[in-house]
Amino acid sequence: MNQYVLSIYQPDGPVPEPEILDPMMREVEALTAEMKTDGVWVFDAGMHPPETATVLKAQGDDVLVTDGPFTEGKEHLGGFTVIRVEDLDAALSWGRRLTKILGLPVEVRPSQS
Amino acid sequence: MTSDLAAIFRAEHGRAVAVLTRVFGDLEIAEDAVQDAFTAAVQKWPESGVPPSPAGWIITTARNRAIDRLRRDSARADKHAQAALLHVEAEPVEEGAVHDDRLRLIFTCCHPALALNVRVALTLRMLGGLSTAEIARAFLVPEPTMAQRLVRAKAKIRTAGIPYRVPYEADLPERVRGVLAVVYLIFNEGYAASSGETLVRDDLAAEALRLGRLLVELMPDEPEAVGLLALMLLQHSRRPARVAPDGSLVRLSDQNRDLWDRALIDEGHALVRRCLRRNQPGPYQLQAAINAVHADAATPDATDWRQILQLYDHLLALEPTPVVALNRAVAVAEVEGPTAALALVDELPLDTYYLFHAIRADLLSQLNRTSEAQESYRTALSLTSNEAEQAFLRTHL
């Protein structure tokens with residue numbers, strides 16, 4: 001078994017209207033429930049917007065605290081799901097369903113377990 | 001003897017790597033083991049003679065040597081070696097499963113999670129048995145760069161868990177298309193070399209044909225695999241007539257048809273007929289059929305352009321891309337004349353494609369619009385780095 005992180009990348013800016021977002025979130029919840037039934041779900045998290053982030057950087061003995069996010073750019077990690085499955089093809093087939101529901105790119109990356 | 005050995009190695013490489021990847025659960029271990037076995041064969045076979053089953057000898061030798069090495073490594077607490085050894089105990093060597101093994105290996109090498117140029121290189125290395133140096137030369141990449149590309153690919157296969165098996169039913173059509181695309185890319189790189197030495201290029205086209213035959217053998221029920229093989233055979237049949245003695249490209253209509261390879265044409269025709277009987281047309285089968293119509297014509301004037309246009313109509317419906325539309329326009333020019341064809345060509349967003357300008361130039365000169373034609377030939381010339389194509393275009397300036 002391998003562990004994979006499915007990361008959802010989201011454009012910065014306002015979130016979609018509830019009439020678009022709500023049905024989407026219900027589909028994601030249904031998918032998560034299916035992951036749990038199948039025994040592949042490990043963890044997931046939906047993130048608050050990137051401007052709420054704070055960045056820490058060790059500098060010698062001190063730690064510098066700055067307003068985040070760490071990466072520049074117009075897209076940021078919007079959330080992620082960790083799954084344990086047989087191989088990449090299995091991870092990709094879950095990821096494929098997630099990207100179809102959200103219409104957002106999903107990065108599938110193996111993680112050390 | 002040495003060239004015999006090289007031929008055997010190339011022919012058996014894919015089979016041996018495929019079986020051993022299943023046995024060890026790891027592509028890199030399999031490849032190294034097969035390499036070791038080939039080295040042993042070079043030392044032994046000249047004295048003892050080639051064994052009755054070279055593949056069997058290589059697989060057994062590779063397996064034993066790899067197990068010895070893995071035992072040494074795992075004694076040093078190498079977790080990877082320990083995992084591979086556990087895998088061996090669960091996986092006996094079955095010669096009967098060889099077909100499936102090679103099919104699995106193809107799907108692994110052509111996995112869409114790998115970059116396209118990596119899929120091509122891995123397929124040539126693992127299934128084609130080409131050396132890293134040969135692949136590097138064929139793609140005009142320094143050898144260390146190609147070696148690093150292959151190392152990274154094998155690391156990704158292992159770490160990302162790219163599986164060694166035939167894909168899920170739901171993914172299969174798309175994955176098969178991906179495999180066929182890789183083989184056709186190798187063929188085209190050899191056939192219409194975008195740049196580079198001719199000799200190596202011939203090799204690539206021959207290798208693509210070999211892979212194409214393998215795909216048909218492994219997936220006999222996949223009509224597009226048959227279509228791809230037919231297409232490559234029919235295109236390859238014209239190879240002796242495609243390049244003039246001075247190295248310039250010869251267009252289909254100007255080729256000496258006596259130079260076409262009849263044996264390849266017959267084989268291609270037989271496959272096209274097999275596809276027609278099955279009646280599940282796809283893009284490769286239609287392109288093969290178009291090439292079969294060309295091959296039927298004893299002279300350019302005898303070409304059945306109406307039938308070709310019908311086939312292009314069908315192809316464009318399945319694959320509505322500007323390149324297909326451009327090729328269809330050539331058939332339109334023959335059936336309806338250059339004015340109708342030029343109107344279609346001018347609509348296409350192919351400004352950076354040399355053939356777009358070359359075809360446009362040809363249509364313009366048929367319409368006696370000479371200065372515009374010259375301009376288009378010059379644009380085409382600036383967009384190709386292939387010497388044979390450049391030489392052809394220069395004859396029109």
# chains A, B, ... in the order shown; residues from 1 in each chain; ligands from 1
>>> interface_residues(of="chain B", to="chain A", cutoff="9 Å", atoms="only C-alpha atoms", output="MDAnalysis selection string")
chainID B and resid 113 159:163 167:168 171
>>> residues_around(residues="Val323 of chain B", least_positions_apart="2", cutoff="12 Å", atoms="only C-alpha atoms", output="number ranges by chain")
B: 312, 315-316, 319-321, 325-330, 344-345, 347-356, 359
>>> residues_around(residues="Pro245 of chain B", least_positions_apart="5", cutoff="12 Å", atoms="only C-alpha atoms", output="list in words")
Pro240, Val250, Ala388 and Ala391 of chain B
>>> select_by_dssp(residues="chain A", states="alpha helix (DSSP H)", output="number ranges by chain")
A: 18-37, 88-102
>>> write_last_selection(atoms="C-alpha atoms", output="short mmCIF file (atom, residue, chain, number, x, y, z; two decimals), in the first residue's frame")
data_model
loop_
_atom_site.label_atom_id
_atom_site.label_comp_id
_atom_site.auth_asym_id
_atom_site.auth_seq_id
_atom_site.Cartn_x
_atom_site.Cartn_y
_atom_site.Cartn_z
CA PRO A 18 -23.45 29.25 -2.51
CA GLU A 19 -25.68 27.98 -5.32
CA ILE A 20 -22.52 26.77 -7.09
CA LEU A 21 -20.45 25.91 -4.04
CA ASP A 22 -23.04 24.02 -1.99
CA PRO A 23 -23.83 21.22 -4.45
CA MET A 24 -20.09 20.91 -5.10
CA MET A 25 -19.34 20.50 -1.41
CA ARG A 26 -22.11 17.89 -1.08
CA GLU A 27 -20.47 15.89 -3.86
CA VAL A 28 -17.07 16.18 -2.17
CA GLU A 29 -18.63 14.98 1.10
CA ALA A 30 -20.17 12.02 -0.71
CA LEU A 31 -16.79 11.19 -2.25
CA THR A 32 -15.09 11.42 1.16
CA ALA A 33 -17.75 9.13 2.63
CA GLU A 34 -17.04 6.63 -0.15
CA MET A 35 -13.29 6.85 0.58
CA LYS A 36 -14.06 6.04 4.21
CA THR A 37 -16.29 3.10 3.32
CA LEU A 88 -0.72 5.36 -8.46
CA ASP A 89 -3.51 4.20 -10.78
CA ALA A 90 -5.82 3.76 -7.79
CA ALA A 91 -4.80 7.18 -6.40
CA LEU A 92 -5.34 8.77 -9.82
CA SER A 93 -8.83 7.35 -10.14
CA TRP A 94 -9.86 8.96 -6.82
CA GLY A 95 -8.09 12.19 -7.80
CA ARG A 96 -9.84 12.17 -11.17
CA ARG A 97 -13.23 12.20 -9.46
CA LEU A 98 -12.15 15.01 -7.15
CA THR A 99 -10.95 17.27 -9.98
CA LYS A 100 -14.14 16.59 -11.95
CA ILE A 101 -16.31 17.66 -9.02
CA LEU A 102 -14.32 20.80 -8.22
#
>>> residues_around(residues="His111 of chain B", least_positions_apart="5", cutoff="8 Å", atoms="only C-alpha atoms", output="PyMOL selection string")
chain B and resi 119+162+175+178
>>> write_last_selection(atoms="N, CA, C and O atoms", output="PDB file, in the first residue's frame")
ATOM      1  N   ARG B 119       8.470   8.744 -21.682  1.00  0.00           N
ATOM      2  CA  ARG B 119       7.784   7.521 -22.120  1.00  0.00           C
ATOM      3  C   ARG B 119       8.477   6.945 -23.348  1.00  0.00           C
ATOM      4  O   ARG B 119       8.700   5.741 -23.445  1.00  0.00           O
ATOM      5  N   ILE B 162       3.867   3.822  -9.688  1.00  0.00           N
ATOM      6  CA  ILE B 162       3.288   3.551 -11.015  1.00  0.00           C
ATOM      7  C   ILE B 162       3.230   2.038 -11.168  1.00  0.00           C
ATOM      8  O   ILE B 162       4.253   1.365 -11.071  1.00  0.00           O
ATOM      9  N   ARG B 175      -5.574   4.543 -22.141  1.00  0.00           N
ATOM     10  CA  ARG B 175      -4.198   4.090 -21.959  1.00  0.00           C
ATOM     11  C   ARG B 175      -3.662   3.412 -23.218  1.00  0.00           C
ATOM     12  O   ARG B 175      -2.494   3.568 -23.552  1.00  0.00           O
ATOM     13  N   GLY B 178      -2.677   5.986 -25.543  1.00  0.00           N
ATOM     14  CA  GLY B 178      -1.400   6.554 -25.115  1.00  0.00           C
ATOM     15  C   GLY B 178      -0.220   5.711 -25.581  1.00  0.00           C
ATOM     16  O   GLY B 178       0.795   6.244 -26.042  1.00  0.00           O
TER      17      GLY B 178
END
>>> residues_around(residues="Val82 of chain A", least_positions_apart="4", cutoff="6 Å", atoms="only C-alpha atoms", output="ChimeraX atom specification")
/A:4-5,42-44
>>> atom_distance(atom1="atom CA of Phe107 of chain B", atom2="atom CA of Gly190 of chain B")
22.0 Å
>>> closest_residue(among="A:Ala53, A:Val15, A:Val40, A:Met47", to="Gly78 of chain A", atoms="only C-alpha atoms")
A:Met47
>>> select_by_dssp(residues="chain A", states="strand (DSSP E or B)", output="JSON, numbers by chain")
{"A": [2, 3, 4, 5, 6, 7, 8, 9, 10, 11, 41, 42, 43, 44, 45, 46, 54, 55, 56, 57, 58, 59, 62, 63, 64, 65, 66, 67, 75, 76, 77, 78, 79, 80, 81, 82, 83, 84, 85, 106, 107, 108, 109, 110, 111]}
>>> write_last_selection(atoms="N, CA and C atoms", output="CSV table (one decimal), in the first residue's frame")
chain,number,residue,atom,x,y,z
A,2,ASN,N,0.4,2.3,-0.7
A,2,ASN,CA,1.1,3.5,-0.7
A,2,ASN,C,0.2,4.6,-0.3
A,3,GLN,N,0.8,5.7,0.3
A,3,GLN,CA,0.1,6.8,0.7
A,3,GLN,C,0.2,8.0,-0.2
A,4,TYR,N,-0.8,8.7,-0.5
A,4,TYR,CA,-0.8,9.8,-1.5
A,4,TYR,C,-1.5,11.0,-0.9
A,5,VAL,N,-1.0,12.2,-1.2
A,5,VAL,CA,-1.7,13.4,-0.9
A,5,VAL,C,-2.3,14.0,-2.1
A,6,LEU,N,-3.6,14.1,-2.1
A,6,LEU,CA,-4.3,14.8,-3.2
A,6,LEU,C,-4.5,16.3,-2.9
A,7,SER,N,-3.7,17.1,-3.5
A,7,SER,CA,-3.7,18.5,-3.2
A,7,SER,C,-4.6,19.3,-4.2
A,8,ILE,N,-5.5,20.1,-3.7
A,8,ILE,CA,-6.4,20.9,-4.6
A,8,ILE,C,-5.8,22.3,-4.7
A,9,TYR,N,-5.6,22.8,-5.9
A,9,TYR,CA,-5.1,24.1,-6.1
A,9,TYR,C,-6.2,25.0,-6.6
A,10,GLN,N,-6.2,26.2,-5.9
A,10,GLN,CA,-7.4,27.0,-6.0
A,10,GLN,C,-6.9,28.4,-6.4
A,11,PRO,N,-7.6,29.1,-7.3
A,11,PRO,CA,-7.2,30.5,-7.6
A,11,PRO,C,-7.6,31.4,-6.5
A,41,TRP,N,-9.4,6.4,3.0
A,41,TRP,CA,-9.3,7.7,3.6
A,41,TRP,C,-8.4,7.7,4.8
A,42,VAL,N,-7.5,8.7,4.8
A,42,VAL,CA,-6.6,8.8,6.0
A,42,VAL,C,-6.9,10.1,6.7
A,43,PHE,N,-7.0,11.2,5.9
A,43,PHE,CA,-7.2,12.5,6.5
A,43,PHE,C,-7.5,13.5,5.4
A,44,ASP,N,-8.3,14.6,5.8
A,44,ASP,CA,-8.4,15.6,4.8
A,44,ASP,C,-8.6,17.0,5.5
A,45,ALA,N,-8.4,18.1,4.8
A,45,ALA,CA,-8.5,19.4,5.4
A,45,ALA,C,-8.8,20.4,4.2
A,46,GLY,N,-9.8,21.3,4.5
A,46,GLY,CA,-10.1,22.4,3.6
A,46,GLY,C,-9.4,23.6,4.2
A,54,THR,N,0.4,32.7,8.1
A,54,THR,CA,1.5,33.3,8.7
A,54,THR,C,2.8,32.5,8.4
A,55,VAL,N,3.9,33.1,8.1
A,55,VAL,CA,5.1,32.3,7.7
A,55,VAL,C,6.2,32.5,8.8
A,56,LEU,N,6.8,31.4,9.2
A,56,LEU,CA,7.9,31.4,10.1
A,56,LEU,C,9.1,31.0,9.4
A,57,LYS,N,10.2,31.7,9.7
A,57,LYS,CA,11.5,31.4,9.1
A,57,LYS,C,12.6,31.5,10.2
A,58,ALA,N,13.3,30.4,10.4
A,58,ALA,CA,14.4,30.4,11.3
A,58,ALA,C,15.6,31.2,10.8
A,59,GLN,N,16.1,32.1,11.6
A,59,GLN,CA,17.2,32.9,11.2
A,59,GLN,C,18.2,32.9,12.4
A,62,ASP,N,17.0,33.2,16.0
A,62,ASP,CA,15.7,33.8,16.0
A,62,ASP,C,14.7,33.2,15.0
A,63,VAL,N,13.5,33.5,15.2
A,63,VAL,CA,12.5,33.0,14.2
A,63,VAL,C,11.8,34.3,13.7
A,64,LEU,N,11.8,34.5,12.4
A,64,LEU,CA,11.2,35.6,11.8
A,64,LEU,C,9.7,35.3,11.5
A,65,VAL,N,8.8,36.2,12.0
A,65,VAL,CA,7.4,36.0,11.7
A,65,VAL,C,6.9,37.0,10.7
A,66,THR,N,6.3,36.5,9.6
A,66,THR,CA,5.8,37.4,8.6
A,66,THR,C,4.4,37.0,8.2
A,67,ASP,N,3.7,38.0,7.6
A,67,ASP,CA,2.4,37.8,7.0
A,67,ASP,C,2.6,36.8,5.8
A,75,GLU,N,-2.4,31.2,-7.4
A,75,GLU,CA,-3.1,30.0,-6.9
A,75,GLU,C,-2.4,29.4,-5.7
A,76,HIS,N,-3.2,28.9,-4.8
A,76,HIS,CA,-2.6,28.3,-3.6
A,76,HIS,C,-3.3,27.0,-3.2
A,77,LEU,N,-2.7,26.3,-2.3
A,77,LEU,CA,-3.3,25.1,-1.8
A,77,LEU,C,-4.6,25.4,-1.2
A,78,GLY,N,-5.7,24.8,-1.7
A,78,GLY,CA,-7.0,25.1,-1.1
A,78,GLY,C,-7.4,24.0,-0.1
A,79,GLY,N,-6.8,22.9,-0.2
A,79,GLY,CA,-7.2,21.8,0.6
A,79,GLY,C,-6.5,20.5,0.2
A,80,PHE,N,-6.6,19.5,1.0
A,80,PHE,CA,-6.0,18.2,0.6
A,80,PHE,C,-6.7,17.0,1.2
A,81,THR,N,-6.5,15.9,0.6
A,81,THR,CA,-7.0,14.6,1.1
A,81,THR,C,-5.8,13.6,1.1
A,82,VAL,N,-5.7,12.9,2.2
A,82,VAL,CA,-4.6,11.9,2.2
A,82,VAL,C,-5.3,10.5,2.1
A,83,ILE,N,-4.8,9.7,1.2
A,83,ILE,CA,-5.4,8.4,1.0
A,83,ILE,C,-4.3,7.3,1.0
A,84,ARG,N,-4.7,6.1,1.4
A,84,ARG,CA,-3.8,4.9,1.3
A,84,ARG,C,-4.4,3.9,0.3
A,85,VAL,N,-3.7,3.7,-0.8
A,85,VAL,CA,-4.2,2.8,-1.8
A,85,VAL,C,-3.1,2.0,-2.4
A,106,VAL,N,-5.8,19.0,-9.4
A,106,VAL,CA,-5.5,18.2,-8.2
A,106,VAL,C,-4.1,17.6,-8.5
A,107,GLU,N,-3.2,17.8,-7.5
A,107,GLU,CA,-1.9,17.2,-7.6
A,107,GLU,C,-1.8,15.9,-6.8
A,108,VAL,N,-1.4,14.8,-7.4
A,108,VAL,CA,-1.4,13.6,-6.7
A,108,VAL,C,0.1,13.3,-6.4
A,109,ARG,N,0.5,13.2,-5.2
A,109,ARG,CA,1.9,13.1,-4.8
A,109,ARG,C,2.1,12.0,-3.8
A,110,PRO,N,3.0,11.1,-4.0
A,110,PRO,CA,3.2,10.1,-3.0
A,110,PRO,C,3.8,10.7,-1.7
A,111,SER,N,3.4,10.1,-0.5
A,111,SER,CA,4.0,10.6,0.7
A,111,SER,C,4.6,9.5,1.5
>>> closest_residue(among="A:Asp12, A:Glu51, A:Asp38, A:Glu17", to="Pro69 of chain A", atoms="only C-alpha atoms")
A:Glu51
>>> closest_residue(among="B:Arg251, B:Arg104, B:Arg177, B:Arg15", to="Leu127 of chain B", atoms="only C-alpha atoms")
B:Arg15
